[in-house]
Structures are given as C-alpha cells and as structure tokens.
Amino acid sequence: SVAEVAIVGCTIQHGSKCPDGANIRVWGEGTVARKGEQLKFQCGHITIADNVLSDVQTNIELKRARGVTITGNTFWQGYKHNLFCENCTQLVIGSNMMERNPLYGYTSEANNTVVFQNCSDSTINALHLHHTMGGEAGMLVKNCRRINITGCTILDCSPVGLMLVGVRESSVTNCLIRDDRTPEPA
C-alpha cells in the first residue's frame, strides 16, 4: 500500500522496450489491520507535479487509487497511454501538457491516449491534449460517475477527441475539441 507520496520535479523516461512498463504506477488497493480485522481500502494522498514524462508504454498508470493530484506535468511518447486511470476516486487532473514532440521523428509510433475507466468523484481541468493516434479516443471516459471535465483543450486527435461511454451524473463544459488537420488524399 502507498499513501502520502509526492513525485515532483523529475524527468522520468526511456523504458519503451518493457511491454507493460510505466514511468509512474500506483496500485492503490491495500489492506490494513484494524481491531484484529483485515480491511480493504484504497491508498491515496498522492501528488504528481511538475515532471517530464516520456518514452514508455504508459506514462502514469493508476489503479484503485484515491486522492491523487496530477498537475503541471509534460507528457509525450506514451506508446499505449499518457495517462490510464482505472477504478479510481477523488482524482484531480489539471493543467498538464500532453503532445508529440516534433523534434523526434519516431513520435508517430505512440498513441498518447488518456483513459478514465470505472472512476468516480473526480475533476479534470485544463488538460491540454494534442495529436493522439490509435485507441478509441484522445480522451476516453468509460463507465464513470460524477466526473467534472472543464476547460480542456483536445486537438487533432484520431479517431475522435473525447468519447464518453456509460458516463452518468457528470459534466463536460467549456472545452475546445477540434481537429483541423487536412484529410489525407484517398
């Protein structure tokens, strides 16, 4: 179990050959002994801020985590995902840059997607997502509840920018979602 962690001001990259590799992975499910009984809980109070994350299968993977803040990071070259969150609650995802670095020609190999699956009670604000390819969407929000998505910029993603599937009791407001790329000739 993990709790009360800060990952701040790091450059974490270059593990692309590991099939399931992640730069930061938090699996929050744990147990604690209380009055002689083992109780399950979700670990949390984690801050991931002001980092440079790249060149791995998944830049940040959260499973069954709670109370996680991710802000001020620069992501690229997430071959599967830049951010993957599953069965999480109380997330605050804000002001992160996720794009392709044009300096490197091999960036077309990465999906760079963002996925929230079976998550609840979370805020996604001012996320800047550019030019994801592959996956179901640039940002996929699936089977989630009480998610507040606001002020995000989602540009030039394939096949779509934002996809909501089975989402309830949630809000999407003031987002810029556009694809202005010139279609390739048939």
# chains A, B, ... in the order shown; residues from 1 in each chain; ligands from 1

$ residues_around --residues "Gly151 (chain A)" --least-positions-apart "6" --cutoff "9 Å" --atoms "only C-alpha atoms" --output "PDB file with N, CA and C atoms, in the first residue's frame"
ATOM      1  N   ILE A 124     -11.277  16.937 -13.916  1.00  0.00           N
ATOM      2  CA  ILE A 124     -10.271  17.025 -14.974  1.00  0.00           C
ATOM      3  C   ILE A 124     -10.383  18.445 -15.520  1.00  0.00           C
ATOM      4  N   ASN A 125      -9.346  19.266 -15.297  1.00  0.00           N
ATOM      5  CA  ASN A 125      -9.437  20.677 -15.629  1.00  0.00           C
ATOM      6  C   ASN A 125      -8.174  21.140 -16.336  1.00  0.00           C
ATOM      7  N   ALA A 126      -8.349  21.843 -17.434  1.00  0.00           N
ATOM      8  CA  ALA A 126      -7.251  22.496 -18.162  1.00  0.00           C
ATOM      9  C   ALA A 126      -6.218  21.502 -18.690  1.00  0.00           C
ATOM     10  N   LEU A 127      -6.639  20.299 -18.983  1.00  0.00           N
ATOM     11  CA  LEU A 127      -5.751  19.322 -19.614  1.00  0.00           C
ATOM     12  C   LEU A 127      -5.589  19.713 -21.081  1.00  0.00           C
ATOM     13  N   VAL A 172     -19.433  18.058 -18.718  1.00  0.00           N
ATOM     14  CA  VAL A 172     -18.358  18.463 -19.627  1.00  0.00           C
ATOM     15  C   VAL A 172     -18.690  19.889 -20.067  1.00  0.00           C
ATOM     16  N   THR A 173     -17.822  20.844 -19.699  1.00  0.00           N
ATOM     17  CA  THR A 173     -18.099  22.247 -20.026  1.00  0.00           C
ATOM     18  C   THR A 173     -16.836  22.964 -20.486  1.00  0.00           C
ATOM     19  N   ASN A 174     -17.057  23.978 -21.323  1.00  0.00           N
ATOM     20  CA  ASN A 174     -16.014  24.918 -21.744  1.00  0.00           C
ATOM     21  C   ASN A 174     -14.745  24.255 -22.261  1.00  0.00           C
ATOM     22  N   CYS A 175     -14.905  23.187 -23.029  1.00  0.00           N
ATOM     23  CA  CYS A 175     -13.751  22.505 -23.621  1.00  0.00           C
ATOM     24  C   CYS A 175     -13.639  22.878 -25.095  1.00  0.00           C
ATOM     25  N   LEU A 176     -12.421  22.992 -25.584  1.00  0.00           N
ATOM     26  CA  LEU A 176     -12.165  23.188 -27.008  1.00  0.00           C
ATOM     27  C   LEU A 176     -11.749  21.833 -27.570  1.00  0.00           C
TER      28      LEU A 176
END

$ residues_around --residues "Ala137 (chain A)" --least-positions-apart "4" --cutoff "12 Å" --atoms "only C-alpha atoms" --output "ChimeraX atom specification"
/A:81,111-116,129-133,141-142,154-165,177

$ write_last_selection --atoms "C-alpha atoms" --output "short mmCIF file (atom, residue, chain, number, x, y, z; two decimals), in the first residue's frame"
data_model
loop_
_atom_site.label_atom_id
_atom_site.label_comp_id
_atom_site.auth_asym_id
_atom_site.auth_seq_id
_atom_site.Cartn_x
_atom_site.Cartn_y
_atom_site.Cartn_z
CA HIS A 81 -1.24 5.80 -22.86
CA ASN A 111 -0.87 6.51 -29.01
CA ASN A 112 -0.55 9.09 -26.19
CA THR A 113 -4.16 8.47 -25.08
CA VAL A 114 -5.85 9.36 -21.80
CA VAL A 115 -8.28 6.82 -20.29
CA PHE A 116 -10.56 7.04 -17.26
CA LEU A 129 -4.12 17.02 -25.22
CA HIS A 130 -2.73 17.20 -28.75
CA HIS A 131 -2.50 14.71 -31.62
CA THR A 132 -3.25 11.34 -30.09
CA MET A 133 -3.49 8.45 -32.52
CA VAL A 141 -14.13 8.35 -20.21
CA LYS A 142 -15.87 4.99 -19.74
CA ILE A 154 -8.27 18.47 -27.10
CA LEU A 155 -6.82 19.00 -30.58
CA ASP A 156 -6.17 16.95 -33.73
CA CYS A 157 -6.85 13.51 -32.23
CA SER A 158 -7.71 10.28 -34.08
CA PRO A 159 -10.24 8.78 -34.31
CA VAL A 160 -12.08 11.30 -32.03
CA GLY A 161 -11.09 13.82 -29.40
CA LEU A 162 -13.36 13.00 -26.45
CA MET A 163 -15.51 9.88 -26.07
CA LEU A 164 -17.94 9.34 -23.19
CA VAL A 165 -19.31 5.80 -22.78
CA ILE A 177 -12.33 19.96 -29.03
#

$ select_by_dssp --residues "chain A" --states "strand (DSSP E or B)" --output "ChimeraX atom specification"
/A:5-8,11-13,22-27,29-34,37-42,44-49,52-63,66-71,74-86,89-94,97-98,113-117,120-125,128-130,139-142,145-150,153-155,162-165,168,171-173,176-178

$ residues_around --residues "Leu91 (chain A)" --least-positions-apart "3" --cutoff "12 Å" --atoms "only C-alpha atoms" --output "VMD selection string"
chain A and resid 44 to 48 62 to 71 85 to 88 94 116 119 to 125 146 to 149

$ select_by_dssp --residues "chain A" --states "helix (DSSP H, G or I)" --output "ChimeraX atom specification"
/A:105-109

$ closest_residue --among "A:Gln38, A:Gln90, A:Trp76, A:Arg25" --to "Leu103 (chain A)" --atoms "only C-alpha atoms"
A:Trp76

$ atom_distance --atom1 "CA of Gln42 (chain A)" --atom2 "CA of Leu83 (chain A)"
18.9 Å

$ atom_distance --atom1 "CA of Ser16 (chain A)" --atom2 "CA of Thr153 (chain A)"
26.8 Å

$ closest_residue --among "A:Met139, A:Cys144, A:Ile12, A:Val92" --to "Asp50 (chain A)" --atoms "only C-alpha atoms"
A:Ile12

$ closest_residue --among "A:Val56, A:Val167, A:Leu140, A:Ala49" --to "Ile93 (chain A)" --atoms "only C-alpha atoms"
A:Ala49

$ closest_residue --among "A:Gly72, A:Gly134, A:Gly30, A:Gly166" --to "Gly9 (chain A)" --atoms "only C-alpha atoms"
A:Gly72

$ closest_residue --among "A:Glu29, A:Glu61, A:Asp180, A:Glu4" --to "Lys80 (chain A)" --atoms "only C-alpha atoms"
A:Glu61

$ closest_residue --among "A:Cys18, A:Cys152, A:Cys10, A:Ala110" --to "Gly135 (chain A)" --atoms "only C-alpha atoms"
A:Ala110

$ atom_distance --atom1 "CA of Ala6 (chain A)" --atom2 "CA of Gln117 (chain A)"
23.7 Å

$ decode --residues "region 86-109 of chain A" --atoms "N, CA, C and O atoms" --output "PDB file, in the first residue's frame"
ATOM      1  N   GLU A  86      -7.946   3.567 -13.664  1.00  0.00           N
ATOM      2  CA  GLU A  86      -8.992   2.547 -13.599  1.00  0.00           C
ATOM      3  C   GLU A  86      -9.407   2.333 -12.140  1.00  0.00           C
ATOM      4  O   GLU A  86      -8.557   2.176 -11.260  1.00  0.00           O
ATOM      5  N   ASN A  87     -10.721   2.348 -11.912  1.00  0.00           N
ATOM      6  CA  ASN A  87     -11.293   2.114 -10.583  1.00  0.00           C
ATOM      7  C   ASN A  87     -10.719   3.072  -9.542  1.00  0.00           C
ATOM      8  O   ASN A  87     -10.415   2.683  -8.416  1.00  0.00           O
ATOM      9  N   CYS A  88     -10.583   4.331  -9.925  1.00  0.00           N
ATOM     10  CA  CYS A  88     -10.031   5.348  -9.028  1.00  0.00           C
ATOM     11  C   CYS A  88     -11.129   6.310  -8.585  1.00  0.00           C
ATOM     12  O   CYS A  88     -12.160   6.444  -9.241  1.00  0.00           O
ATOM     13  N   THR A  89     -10.866   7.007  -7.492  1.00  0.00           N
ATOM     14  CA  THR A  89     -11.800   8.012  -6.999  1.00  0.00           C
ATOM     15  C   THR A  89     -11.029   9.195  -6.428  1.00  0.00           C
ATOM     16  O   THR A  89      -9.864   9.044  -6.041  1.00  0.00           O
ATOM     17  N   GLN A  90     -11.678  10.343  -6.391  1.00  0.00           N
ATOM     18  CA  GLN A  90     -11.098  11.563  -5.841  1.00  0.00           C
ATOM     19  C   GLN A  90      -9.790  11.941  -6.556  1.00  0.00           C
ATOM     20  O   GLN A  90      -8.779  12.192  -5.922  1.00  0.00           O
ATOM     21  N   LEU A  91      -9.864  11.989  -7.891  1.00  0.00           N
ATOM     22  CA  LEU A  91      -8.723  12.430  -8.693  1.00  0.00           C
ATOM     23  C   LEU A  91      -8.881  13.908  -9.030  1.00  0.00           C
ATOM     24  O   LEU A  91      -9.987  14.368  -9.321  1.00  0.00           O
ATOM     25  N   VAL A  92      -7.778  14.634  -9.038  1.00  0.00           N
ATOM     26  CA  VAL A  92      -7.746  15.994  -9.582  1.00  0.00           C
ATOM     27  C   VAL A  92      -6.640  15.998 -10.623  1.00  0.00           C
ATOM     28  O   VAL A  92      -5.465  15.855 -10.309  1.00  0.00           O
ATOM     29  N   ILE A  93      -7.063  16.123 -11.886  1.00  0.00           N
ATOM     30  CA  ILE A  93      -6.136  16.128 -13.017  1.00  0.00           C
ATOM     31  C   ILE A  93      -6.224  17.515 -13.631  1.00  0.00           C
ATOM     32  O   ILE A  93      -7.278  17.907 -14.116  1.00  0.00           O
ATOM     33  N   GLY A  94      -5.144  18.275 -13.600  1.00  0.00           N
ATOM     34  CA  GLY A  94      -5.241  19.629 -14.116  1.00  0.00           C
ATOM     35  C   GLY A  94      -3.974  20.088 -14.808  1.00  0.00           C
ATOM     36  O   GLY A  94      -2.892  19.564 -14.572  1.00  0.00           O
ATOM     37  N   SER A  95      -4.125  21.023 -15.673  1.00  0.00           N
ATOM     38  CA  SER A  95      -3.026  21.758 -16.301  1.00  0.00           C
ATOM     39  C   SER A  95      -1.811  20.903 -16.602  1.00  0.00           C
ATOM     40  O   SER A  95      -0.712  21.149 -16.108  1.00  0.00           O
ATOM     41  N   ASN A  96      -1.999  19.881 -17.404  1.00  0.00           N
ATOM     42  CA  ASN A  96      -0.899  19.060 -17.897  1.00  0.00           C
ATOM     43  C   ASN A  96      -0.828  19.206 -19.408  1.00  0.00           C
ATOM     44  O   ASN A  96      -1.851  19.348 -20.074  1.00  0.00           O
ATOM     45  N   MET A  97       0.386  19.126 -19.957  1.00  0.00           N
ATOM     46  CA  MET A  97       0.598  19.185 -21.401  1.00  0.00           C
ATOM     47  C   MET A  97       0.873  17.782 -21.903  1.00  0.00           C
ATOM     48  O   MET A  97       1.800  17.127 -21.411  1.00  0.00           O
ATOM     49  N   MET A  98       0.066  17.337 -22.863  1.00  0.00           N
ATOM     50  CA  MET A  98       0.257  16.020 -23.470  1.00  0.00           C
ATOM     51  C   MET A  98       0.261  16.198 -24.972  1.00  0.00           C
ATOM     52  O   MET A  98      -0.765  16.516 -25.576  1.00  0.00           O
ATOM     53  N   GLU A  99       1.426  16.007 -25.572  1.00  0.00           N
ATOM     54  CA  GLU A  99       1.543  16.214 -27.017  1.00  0.00           C
ATOM     55  C   GLU A  99       2.669  15.368 -27.578  1.00  0.00           C
ATOM     56  O   GLU A  99       3.319  14.623 -26.865  1.00  0.00           O
ATOM     57  N   ARG A 100       2.876  15.498 -28.864  1.00  0.00           N
ATOM     58  CA  ARG A 100       4.005  14.847 -29.531  1.00  0.00           C
ATOM     59  C   ARG A 100       5.147  15.843 -29.624  1.00  0.00           C
ATOM     60  O   ARG A 100       4.938  17.012 -29.915  1.00  0.00           O
ATOM     61  N   ASN A 101       6.334  15.379 -29.398  1.00  0.00           N
ATOM     62  CA  ASN A 101       7.499  16.250 -29.517  1.00  0.00           C
ATOM     63  C   ASN A 101       7.973  16.197 -30.971  1.00  0.00           C
ATOM     64  O   ASN A 101       8.524  15.184 -31.403  1.00  0.00           O
ATOM     65  N   PRO A 102       7.771  17.259 -31.750  1.00  0.00           N
ATOM     66  CA  PRO A 102       8.125  17.220 -33.167  1.00  0.00           C
ATOM     67  C   PRO A 102       9.624  17.105 -33.426  1.00  0.00           C
ATOM     68  O   PRO A 102      10.032  16.788 -34.536  1.00  0.00           O
ATOM     69  N   LEU A 103      10.438  17.323 -32.412  1.00  0.00           N
ATOM     70  CA  LEU A 103      11.875  17.183 -32.561  1.00  0.00           C
ATOM     71  C   LEU A 103      12.262  15.744 -32.904  1.00  0.00           C
ATOM     72  O   LEU A 103      13.250  15.509 -33.588  1.00  0.00           O
ATOM     73  N   TYR A 104      11.449  14.793 -32.441  1.00  0.00           N
ATOM     74  CA  TYR A 104      11.756  13.371 -32.636  1.00  0.00           C
ATOM     75  C   TYR A 104      10.818  12.777 -33.685  1.00  0.00           C
ATOM     76  O   TYR A 104       9.610  12.763 -33.518  1.00  0.00           O
ATOM     77  N   GLY A 105      11.368  12.236 -34.761  1.00  0.00           N
ATOM     78  CA  GLY A 105      10.561  11.676 -35.839  1.00  0.00           C
ATOM     79  C   GLY A 105       9.798  10.429 -35.447  1.00  0.00           C
ATOM     80  O   GLY A 105       8.770  10.114 -36.030  1.00  0.00           O
ATOM     81  N   TYR A 106      10.250   9.687 -34.434  1.00  0.00           N
ATOM     82  CA  TYR A 106       9.599   8.436 -34.066  1.00  0.00           C
ATOM     83  C   TYR A 106       8.333   8.641 -33.229  1.00  0.00           C
ATOM     84  O   TYR A 106       7.680   7.682 -32.842  1.00  0.00           O
ATOM     85  N   THR A 107       7.932   9.870 -32.947  1.00  0.00           N
ATOM     86  CA  THR A 107       6.768  10.072 -32.084  1.00  0.00           C
ATOM     87  C   THR A 107       5.474   9.584 -32.701  1.00  0.00           C
ATOM     88  O   THR A 107       4.491   9.415 -32.015  1.00  0.00           O
ATOM     89  N   SER A 108       5.444   9.311 -33.995  1.00  0.00           N
ATOM     90  CA  SER A 108       4.221   8.806 -34.616  1.00  0.00           C
ATOM     91  C   SER A 108       3.885   7.389 -34.159  1.00  0.00           C
ATOM     92  O   SER A 108       2.787   6.911 -34.370  1.00  0.00           O
ATOM     93  N   GLU A 109       4.828   6.711 -33.509  1.00  0.00           N
ATOM     94  CA  GLU A 109       4.583   5.349 -33.032  1.00  0.00           C
ATOM     95  C   GLU A 109       3.730   5.297 -31.772  1.00  0.00           C
ATOM     96  O   GLU A 109       3.239   4.244 -31.399  1.00  0.00           O
TER      97      GLU A 109
END
